[in-house]
file final.cif (mmCIF, C-alpha atoms)
data_coords
loop_
_atom_site.label_atom_id
_atom_site.label_comp_id
_atom_site.auth_asym_id
_atom_site.auth_seq_id
_atom_site.Cartn_x
_atom_site.Cartn_y
_atom_site.Cartn_z
CA MET F 206 -17.62 5.64 -0.34
CA ASN F 207 -16.04 7.91 -2.90
CA TYR F 208 -14.22 6.67 -6.00
CA ARG F 209 -11.26 8.01 -7.94
CA PRO F 210 -9.83 7.13 -11.37
CA LEU F 211 -6.92 4.68 -11.31
CA GLY F 212 -4.38 5.99 -13.76
CA ARG F 213 -5.41 5.46 -17.37
CA THR F 214 -7.02 2.07 -16.70
CA GLY F 215 -10.57 3.39 -16.98
CA TRP F 216 -11.30 1.96 -13.53
CA SER F 217 -12.77 3.95 -10.65
CA VAL F 218 -11.61 2.56 -7.32
CA SER F 219 -12.62 3.23 -3.74
CA GLU F 220 -10.49 5.95 -2.15
CA ILE F 221 -10.20 3.75 0.94
CA SER F 222 -9.25 0.32 -0.34
CA PHE F 223 -7.94 -2.87 1.28
CA GLY F 224 -4.29 -3.71 1.88
CA ALA F 225 -3.94 -7.47 2.30
CA TRP F 226 -0.46 -7.81 3.80
CA ALA F 227 -1.72 -8.33 7.33
CA ILE F 228 -4.08 -11.17 6.41
CA GLY F 229 -1.19 -13.02 4.83
CA GLY F 230 1.33 -12.82 7.63
CA SER F 231 4.15 -10.86 9.33
CA TRP F 232 1.65 -9.05 11.58
CA GLY F 233 1.30 -11.61 14.35
CA ASP F 234 -1.50 -14.14 14.67
CA VAL F 235 -4.37 -13.82 12.22
CA SER F 236 -7.45 -15.95 11.66
CA ASP F 237 -8.51 -16.82 8.11
CA ASP F 238 -12.16 -16.67 9.14
CA GLU F 239 -11.73 -13.16 10.55
CA SER F 240 -9.69 -12.10 7.54
CA LEU F 241 -12.46 -13.26 5.20
CA ALA F 242 -15.01 -11.44 7.34
CA ALA F 243 -12.91 -8.26 7.17
CA LEU F 244 -12.71 -8.51 3.39
CA HIS F 245 -16.44 -9.08 3.04
CA ARG F 246 -17.26 -6.20 5.39
CA SER F 247 -15.00 -3.87 3.43
CA ILE F 248 -16.71 -4.76 0.17
CA ASP F 249 -20.15 -4.39 1.79
CA LEU F 250 -19.11 -0.82 2.65
CA GLY F 251 -18.06 0.05 -0.89
CA VAL F 252 -14.43 -1.07 -1.17
CA ASN F 253 -13.78 -2.39 -4.69
CA PHE F 254 -9.96 -2.57 -4.78
CA ILE F 255 -7.72 -5.03 -2.94
CA ASP F 256 -3.94 -4.95 -2.92
CA THR F 257 -2.09 -8.18 -2.19
CA ALA F 258 1.21 -9.91 -3.09
CA ASP F 259 2.46 -13.39 -3.80
CA VAL F 260 4.76 -13.33 -0.75
CA TYR F 261 2.09 -12.36 1.79
CA GLY F 262 1.92 -15.62 3.67
CA ASP F 263 3.48 -17.42 0.68
CA GLY F 264 0.24 -17.13 -1.30
CA ARG F 265 -2.13 -17.22 1.67
CA SER F 266 -3.34 -13.67 1.12
CA GLU F 267 -3.95 -14.21 -2.61
CA ARG F 268 -5.93 -17.39 -1.90
CA LEU F 269 -8.12 -15.60 0.66
CA VAL F 270 -8.86 -12.85 -1.86
CA ALA F 271 -9.78 -15.51 -4.43
CA GLN F 272 -12.17 -17.06 -1.93
CA VAL F 273 -13.91 -13.74 -1.36
CA GLN F 274 -14.29 -13.20 -5.10
CA LYS F 275 -15.74 -16.70 -5.46
CA ASP F 276 -18.23 -15.89 -2.68
CA ARG F 277 -19.38 -12.72 -4.48
CA PRO F 278 -20.03 -13.65 -8.12
CA GLY F 279 -21.01 -10.81 -10.36
CA GLU F 280 -19.37 -8.09 -8.24
CA ARG F 281 -16.46 -6.22 -9.87
CA ILE F 282 -13.61 -6.20 -7.39
CA TYR F 283 -10.27 -5.07 -8.76
CA VAL F 284 -7.30 -7.04 -7.42
CA ALA F 285 -3.70 -5.91 -7.56
CA THR F 286 -0.90 -8.29 -6.71
CA LYS F 287 2.89 -8.00 -6.72
CA ALA F 288 5.80 -10.00 -8.02
CA GLY F 289 9.50 -10.16 -7.29
CA ARG F 290 10.02 -10.51 -3.57
CA ARG F 291 10.03 -14.28 -3.87
CA LEU F 292 13.54 -13.94 -5.25
CA ASN F 293 16.28 -15.17 -2.93
CA PRO F 294 18.62 -13.43 -3.20
CA HIS F 295 16.51 -10.41 -4.10
CA THR F 296 18.64 -9.00 -6.93
CA ALA F 297 18.06 -6.98 -10.08
CA ASP F 298 19.17 -9.93 -12.21
CA GLY F 299 16.27 -11.94 -10.80
CA TYR F 300 13.78 -9.60 -12.47
CA ASN F 301 13.99 -11.42 -15.77
CA ARG F 302 11.38 -12.69 -18.21
CA ALA F 303 11.47 -16.31 -16.99
CA ASN F 304 11.10 -15.47 -13.32
CA LEU F 305 8.39 -12.85 -13.84
CA THR F 306 6.41 -15.27 -16.00
CA ALA F 307 6.68 -17.97 -13.32
CA PHE F 308 5.61 -15.57 -10.57
CA ILE F 309 2.62 -14.38 -12.57
CA ASP F 310 1.60 -17.94 -13.44
CA ARG F 311 1.64 -18.79 -9.74
CA SER F 312 -0.48 -15.74 -8.87
CA LEU F 313 -2.96 -16.64 -11.60
CA LYS F 314 -3.38 -20.00 -9.88
CA ASN F 315 -3.61 -18.54 -6.37
CA LEU F 316 -6.16 -15.96 -7.46
CA ASN F 317 -8.06 -18.51 -9.55
CA THR F 318 -8.23 -16.32 -12.63
CA ASP F 319 -7.13 -16.29 -16.25
CA CYS F 320 -5.90 -12.70 -16.20
CA LEU F 321 -4.53 -10.55 -13.36
CA ASP F 322 -6.03 -7.06 -13.12
CA LEU F 323 -2.84 -5.32 -12.02
CA VAL F 324 0.65 -6.67 -11.37
CA GLN F 325 3.21 -4.53 -9.57
CA LEU F 326 6.94 -5.07 -9.35
CA HIS F 327 7.46 -5.55 -5.61
CA CYS F 328 10.01 -2.98 -4.45
CA PRO F 329 12.78 -4.18 -6.74
CA PRO F 330 16.36 -2.93 -6.44
CA THR F 331 16.80 0.53 -7.94
CA GLU F 332 18.80 -0.89 -10.84
CA VAL F 333 15.68 -2.60 -12.21
CA TYR F 334 14.26 0.78 -13.25
CA TYR F 335 17.24 1.19 -15.56
CA ARG F 336 16.53 -2.08 -17.39
CA PRO F 337 13.97 -1.54 -20.18
CA GLU F 338 13.91 -5.28 -20.85
CA VAL F 339 12.04 -5.82 -17.54
CA PHE F 340 9.20 -3.60 -18.69
CA GLU F 341 9.29 -5.13 -22.18
CA ALA F 342 8.67 -8.52 -20.53
CA LEU F 343 5.65 -7.06 -18.74
CA ASP F 344 4.40 -5.63 -22.05
CA ASP F 345 4.63 -9.11 -23.55
CA LEU F 346 2.72 -10.63 -20.62
CA MET F 347 -0.02 -8.09 -21.30
CA ALA F 348 -0.02 -9.06 -24.97
CA GLN F 349 -0.36 -12.72 -23.93
CA GLY F 350 -3.46 -11.84 -21.90
CA LYS F 351 -1.99 -12.84 -18.54
CA ILE F 352 -2.15 -9.32 -17.08
CA ARG F 353 -4.39 -6.35 -17.87
CA HIS F 354 -2.15 -3.63 -16.49
CA TYR F 355 1.07 -3.25 -14.56
CA GLY F 356 2.67 -0.85 -12.14
CA VAL F 357 5.35 -0.72 -9.48
CA SER F 358 5.68 -0.63 -5.72
CA VAL F 359 8.66 1.48 -4.71
CA GLU F 360 10.69 2.47 -1.68
CA LYS F 361 12.08 5.77 -2.98
CA VAL F 362 10.72 8.85 -4.73
CA GLU F 363 13.55 8.60 -7.24
CA GLU F 364 12.44 5.08 -8.18
CA ALA F 365 8.87 6.31 -8.68
CA LEU F 366 10.02 9.09 -10.99
CA LYS F 367 12.15 6.69 -13.00
CA ALA F 368 9.37 4.08 -13.23
CA ILE F 369 6.85 6.42 -14.83
CA GLU F 370 9.21 7.09 -17.70
CA PHE F 371 8.02 3.70 -19.00
CA PRO F 372 4.78 4.47 -20.84
CA ASN F 373 2.74 1.46 -19.72
CA VAL F 374 3.33 1.91 -15.98
CA GLN F 375 -0.20 2.68 -14.82
CA THR F 376 0.28 2.86 -11.07
CA VAL F 377 2.89 3.57 -8.43
CA GLN F 378 2.50 2.29 -4.91
CA ILE F 379 4.55 4.36 -2.48
CA ILE F 380 4.70 4.95 1.26
CA PHE F 381 2.76 8.14 1.92
CA ASN F 382 1.37 9.19 5.27
CA MET F 383 1.65 11.92 7.91
CA PHE F 384 5.20 10.72 8.55
CA ARG F 385 6.29 10.49 4.90
CA LEU F 386 5.55 13.68 2.95
CA ARG F 387 8.30 13.75 0.35
CA PRO F 388 6.26 12.04 -2.41
CA ALA F 389 3.85 15.00 -2.44
CA GLU F 390 6.75 17.39 -2.91
CA ARG F 391 8.50 15.80 -5.85
CA PHE F 392 6.54 12.89 -7.27
CA PHE F 393 2.85 13.78 -7.16
CA PRO F 394 2.99 16.65 -9.70
CA GLU F 395 4.73 14.45 -12.26
CA ALA F 396 2.34 11.54 -11.66
CA LYS F 397 -0.68 13.82 -12.16
CA ALA F 398 0.78 15.17 -15.38
CA ARG F 399 1.21 11.63 -16.73
CA GLN F 400 -2.13 10.35 -15.33
CA VAL F 401 -0.47 7.71 -13.17
CA GLY F 402 -2.48 6.23 -10.31
CA ILE F 403 -0.99 6.48 -6.81
CA LEU F 404 -1.62 3.86 -4.14
CA ALA F 405 -0.69 5.22 -0.71
CA ARG F 406 0.76 2.28 1.19
CA VAL F 407 1.70 2.00 4.88
CA PRO F 408 -0.93 4.73 5.43
CA LEU F 409 -1.00 4.26 9.21
CA ALA F 410 2.79 3.86 9.65
CA SER F 411 2.49 0.22 10.78
CA GLY F 412 -0.20 1.14 13.30
CA MET F 413 1.71 4.04 14.85
CA LEU F 414 -0.79 6.54 13.43
CA THR F 415 -3.69 4.74 15.09
CA GLY F 416 -2.54 6.35 18.33
CA LYS F 417 -2.91 3.01 20.09
CA LEU F 418 0.79 2.18 20.54
CA SER F 419 2.93 3.10 23.52
CA ARG F 420 6.40 2.49 24.91
CA GLU F 421 4.96 -0.61 26.58
CA SER F 422 3.49 -2.12 23.40
CA GLN F 423 4.68 -5.64 22.67
CA PHE F 424 4.75 -7.33 19.26
CA ALA F 425 4.75 -11.03 18.45
CA ALA F 426 7.92 -12.70 17.25
CA ASP F 427 6.44 -13.09 13.75
CA ASP F 428 5.32 -9.42 13.58
CA HIS F 429 7.62 -7.25 11.46
CA ARG F 430 7.22 -4.49 14.06
CA ASN F 431 9.34 -6.77 16.22
CA PHE F 432 11.75 -8.43 13.80
CA ASN F 433 12.28 -5.54 11.34
CA ARG F 434 12.46 -2.60 13.76
CA HIS F 435 15.93 -1.71 12.45
CA GLY F 436 15.64 -3.12 8.93
CA GLU F 437 16.91 -6.60 9.76
CA ALA F 438 14.59 -8.38 7.28
CA PHE F 439 13.73 -5.75 4.63
CA ASP F 440 13.79 -1.99 4.17
CA VAL F 441 13.40 -0.30 7.55
CA GLY F 442 11.03 2.21 5.94
CA GLU F 443 8.36 -0.51 5.83
CA THR F 444 8.21 -0.57 9.64
CA PHE F 445 6.83 2.54 11.35
CA SER F 446 7.71 4.34 8.08
CA GLY F 447 11.34 4.30 9.14
CA VAL F 448 10.75 6.72 12.04
CA PRO F 449 12.48 5.85 15.34
CA TYR F 450 9.85 4.52 17.74
CA ASP F 451 10.19 7.19 20.44
CA ALA F 452 10.21 10.04 17.91
CA ALA F 453 7.05 8.64 16.34
CA LEU F 454 5.30 8.42 19.70
CA GLU F 455 6.18 12.05 20.45
CA ALA F 456 4.75 13.17 17.12
CA VAL F 457 1.56 11.16 17.64
CA GLU F 458 0.96 12.90 20.95
CA GLU F 459 1.07 16.28 19.21
CA LEU F 460 -1.19 15.08 16.38
CA ARG F 461 -3.86 13.79 18.78
CA GLY F 462 -5.28 17.26 19.19
CA LEU F 463 -6.18 17.35 15.49
CA VAL F 464 -8.59 14.40 15.61
CA PRO F 465 -12.10 15.54 14.64
CA GLN F 466 -14.85 15.04 17.19
CA GLY F 467 -16.29 11.55 16.95
CA ALA F 468 -13.41 10.28 14.84
CA THR F 469 -10.32 8.22 15.61
CA MET F 470 -6.68 9.03 15.09
CA ALA F 471 -6.49 6.40 12.33
CA GLN F 472 -9.39 8.07 10.54
CA LEU F 473 -7.62 11.43 10.79
CA ALA F 474 -4.49 9.90 9.27
CA LEU F 475 -6.43 8.34 6.39
CA ARG F 476 -8.44 11.51 5.72
CA TRP F 477 -5.19 13.47 5.66
CA ILE F 478 -3.97 11.26 2.79
CA LEU F 479 -7.18 11.84 0.86
CA MET F 480 -6.60 15.60 0.98
CA PHE F 481 -4.05 15.08 -1.81
CA ASP F 482 -5.90 14.81 -5.11
CA ALA F 483 -2.99 13.04 -6.81
CA VAL F 484 -3.64 10.02 -4.59
CA THR F 485 -6.00 7.42 -6.01
CA CYS F 486 -6.51 5.48 -2.80
CA ALA F 487 -5.08 4.60 0.59
CA ILE F 488 -4.71 0.88 1.30
CA PRO F 489 -4.87 0.27 5.06
CA GLY F 490 -4.95 -3.30 6.27
CA ALA F 491 -7.65 -4.92 8.36
CA LYS F 492 -7.56 -8.25 10.19
CA ARG F 493 -11.08 -7.93 11.63
CA PRO F 494 -14.40 -6.50 10.42
CA SER F 495 -14.29 -3.75 13.05
CA GLN F 496 -10.98 -2.52 11.65
CA ALA F 497 -12.44 -2.52 8.15
CA GLU F 498 -15.37 -0.41 9.36
CA ASP F 499 -13.06 2.08 11.05
CA ASN F 500 -10.94 2.42 7.91
CA VAL F 501 -13.87 2.96 5.57
CA ALA F 502 -15.41 5.58 7.87
CA ALA F 503 -12.45 7.85 7.13
CA ALA F 504 -13.84 8.46 3.65
CA GLY F 505 -16.91 10.03 5.21
CA LEU F 506 -15.05 12.63 7.27
CA ALA F 507 -15.28 16.27 6.24
CA PRO F 508 -12.21 17.71 4.50
CA LEU F 509 -9.54 18.77 6.96
CA SER F 510 -9.09 22.49 7.53
CA ASP F 511 -6.09 24.49 6.35
CA GLN F 512 -5.19 24.94 10.01
CA THR F 513 -5.20 21.19 10.64
CA MET F 514 -3.02 20.59 7.59
CA ALA F 515 -0.62 23.33 8.70
CA VAL F 516 -0.25 21.89 12.20
CA ALA F 517 0.35 18.40 10.81
CA LEU F 518 3.05 19.82 8.52
CA ASP F 519 4.69 21.61 11.43
CA VAL F 520 4.82 18.40 13.48
CA TYR F 521 6.38 16.63 10.52
CA ASN F 522 8.97 19.33 9.94
CA ARG F 523 10.06 19.47 13.58
CA LEU F 524 9.90 15.85 14.72
CA ILE F 525 9.87 13.53 11.70
CA LYS F 526 11.53 15.14 8.69
CA PRO F 527 15.14 14.88 9.95
CA HIS F 528 14.73 11.09 10.23
CA VAL F 529 13.16 10.27 6.86
CA HIS F 530 12.93 13.06 4.31
CA GLN F 531 16.17 12.61 2.42
CA ARG F 532 16.33 8.84 2.94
CA TRP F 533 13.42 7.82 0.75
#

call {"tool": "encode", "arguments": {"input": "final.cif", "output": "structure tokens"}}
result
Amino acid sequence: MNYRPLGRTGWSVSEISFGAWAIGGSWGDVSDDESLAALHRSIDLGVNFIDTADVYGDGRSERLVAQVQKDRPGERIYVATKAGRRLNPHTADGYNRANLTAFIDRSLKNLNTDCLDLVQLHCPPTEVYYRPEVFEALDDLMAQGKIRHYGVSVEKVEEALKAIEFPNVQTVQIIFNMFRLRPAERFFPEAKARQVGILARVPLASGMLTGKLSRESQFAADDHRNFNRHGEAFDVGETFSGVPYDAALEAVEELRGLVPQGATMAQLALRWILMFDAVTCAIPGAKRPSQAEDNVAAAGLAPLSDQTMAVALDVYNRLIKPHVHQRW
């Protein structure tokens, strides 16, 4: 495993880390025993950063992460969680001092800790980034010792650029993968200049970039790839990166030829992300130990050639860009 600095935190985190949405819910059936095994296997292989959220399974994901930490005393595992999506309705006004304090107190309990390593605002409405009092509340929670650092998880490049105007924003979590290139164009240079860590989320485009999906693929009723295909539950960009299903399948077929010998398509997609030095880590999910092993193996692949990167860019420009580039 290789490690990269996370913003100005002083932490070095594994460039392939662990995204814990799937072990919480909204990805079909998942076993807690297998989820715990996947977490342990990831850490055995060098992963030292886990990204979760209070709404993943209504705290289920946070509690599983706490269990793993309890099982591995003495090991430094950095845990990031998120706050805000518990709001109903999910409005900018809900991102106030009282609500944020309550959310963080609940995560402290779920994660069985006195201080959260990293708290991220969980894809708040754009207006939140124009409210300095939200970030002042987070500063106060740091001063109280409830959180060590804070960052944001965003939908749009514009939100990321606005967020890092606040001096204590250490990290930005943003969708970045072979189907979502715009962050590299506009956001990455500014983040590097300000030493802001970048967490590449949805790195496999909801499984599309594993190359295992087809027109015949079926998804469970409680899998967001079923119930949020057109943005019915939350931002459509969270599901298949906002790319229409058939267009994504066509692009995947063209990308297959780029997979290095002995590797998988998912490993190609993860290694592609790591070619961008502004990125701190990719955070793929894993519901089973075998998936964790496949994800981590991507860090060991040789750098991709200029030719491979050029072909991937061409596929994006022809088949994907018209659907997503100006939207997020």

call {"tool": "closest_residue", "arguments": {"input": "final.cif", "among": "F:Arg406, F:Lys314, F:Arg434, F:Lys361", "to": "F:Asn382", "atoms": "all atoms listed in the file"}}
result
F:Arg406

call {"tool": "closest_residue", "arguments": {"input": "final.cif", "among": "F:Leu509, F:Leu211, F:Val501, F:Ala456", "to": "F:Trp477", "atoms": "only C-alpha atoms"}}
result
F:Leu509

call {"tool": "atom_distance", "arguments": {"input": "final.cif", "atom1": "atom CA of F:Thr485", "atom2": "atom CA of F:Pro394"}}
result
13.4 Å

call {"tool": "atom_distance", "arguments": {"input": "final.cif", "atom1": "atom CA of F:Gly412", "atom2": "atom CA of F:Asn293"}}
result
28.3 Å

call {"tool": "residues_around", "arguments": {"input": "final.cif", "residues": "F:Pro489", "least_positions_apart": "5", "cutoff": "12 Å", "atoms": "only C-alpha atoms", "output": "JSON, numbers by chain"}}
result
{"F": [220, 221, 222, 223, 224, 225, 226, 227, 228, 243, 244, 247, 252, 254, 255, 256, 257, 380, 381, 382, 404, 405, 406, 407, 408, 409, 410, 411, 412, 414, 415, 471, 472, 474, 475, 476, 478, 496, 497, 498, 499, 500, 501, 503]}

call {"tool": "closest_residue", "arguments": {"input": "final.cif", "among": "F:Asn373, F:Ser419, F:Ser266, F:Thr286", "to": "F:Glu458", "atoms": "only C-alpha atoms"}}
result
F:Ser419

call {"tool": "resolve_selection", "arguments": {"input": "final.cif", "expression": "the PyMOL selection byres ((chain F and resi 341) around 12)", "output": "list in words"}}
result
Tyr300, Asn301, Arg302, Leu305, Tyr334, Arg336, Pro337, Glu338, Val339, Phe340, Ala342, Leu343, Asp344, Asp345, Leu346, Met347, Ala348, Tyr355, Phe371, Pro372, Asn373 and Val374 of chain F

call {"tool": "closest_residue", "arguments": {"input": "final.cif", "among": "F:Gly447, F:Pro210, F:Gly264, F:Gly356", "to": "F:Ala483", "atoms": "all atoms listed in the file"}}
result
F:Pro210

call {"tool": "resolve_selection", "arguments": {"input": "final.cif", "expression": "the PyMOL selection byres ((chain F and resi 350-353) around 7)", "output": "list in words"}}
result
Asp319, Cys320, Leu321, Asp322, Leu323, Val324, Leu346, Met347, Ala348, Gln349 and His354 of chain F

call {"tool": "closest_residue", "arguments": {"input": "final.cif", "among": "F:Gln466, F:Asn433, F:Gln512, F:Thr214", "to": "F:Thr376", "atoms": "all atoms listed in the file"}}
result
F:Thr214

call {"tool": "atom_distance", "arguments": {"input": "final.cif", "atom1": "atom CA of F:Pro329", "atom2": "atom CA of F:Val401"}}
result
18.9 Å

call {"tool": "build_atoms", "arguments": {"input": "final.cif", "residues": "stretch 353-365 of chain F", "atoms": "N, CA and C atoms", "output": "compact mmCIF listing (two decimals), in the coordinates of the input"}}
result
# COMPACT_ATOMS: atom_id res chain seq x y z
N ARG F 353 -3.71 -7.47 -17.21
CA ARG F 353 -4.39 -6.35 -17.87
C ARG F 353 -3.54 -5.09 -17.82
N HIS F 354 -2.95 -4.83 -16.67
CA HIS F 354 -2.15 -3.63 -16.49
C HIS F 354 -1.00 -3.95 -15.54
N TYR F 355 0.00 -3.08 -15.55
CA TYR F 355 1.07 -3.25 -14.56
C TYR F 355 1.52 -1.91 -14.00
N GLY F 356 2.14 -2.01 -12.83
CA GLY F 356 2.67 -0.85 -12.14
C GLY F 356 3.86 -1.27 -11.29
N VAL F 357 4.20 -0.43 -10.34
CA VAL F 357 5.35 -0.72 -9.48
C VAL F 357 5.01 -0.35 -8.04
N SER F 358 5.67 -1.03 -7.13
CA SER F 358 5.68 -0.63 -5.72
C SER F 358 7.11 -0.24 -5.41
N VAL F 359 7.31 0.94 -4.87
CA VAL F 359 8.66 1.48 -4.71
C VAL F 359 8.95 1.85 -3.26
N GLU F 360 10.25 1.95 -2.97
CA GLU F 360 10.69 2.47 -1.68
C GLU F 360 10.96 3.98 -1.77
N LYS F 361 11.54 4.42 -2.89
CA LYS F 361 12.08 5.77 -2.98
C LYS F 361 11.35 6.61 -4.03
N VAL F 362 11.30 7.91 -3.77
CA VAL F 362 10.72 8.85 -4.73
C VAL F 362 11.45 8.77 -6.06
N GLU F 363 12.78 8.66 -6.01
CA GLU F 363 13.55 8.60 -7.24
C GLU F 363 13.16 7.39 -8.09
N GLU F 364 12.87 6.27 -7.45
CA GLU F 364 12.44 5.08 -8.18
C GLU F 364 11.08 5.32 -8.83
N ALA F 365 10.20 6.00 -8.13
CA ALA F 365 8.87 6.31 -8.68
C ALA F 365 9.00 7.19 -9.92
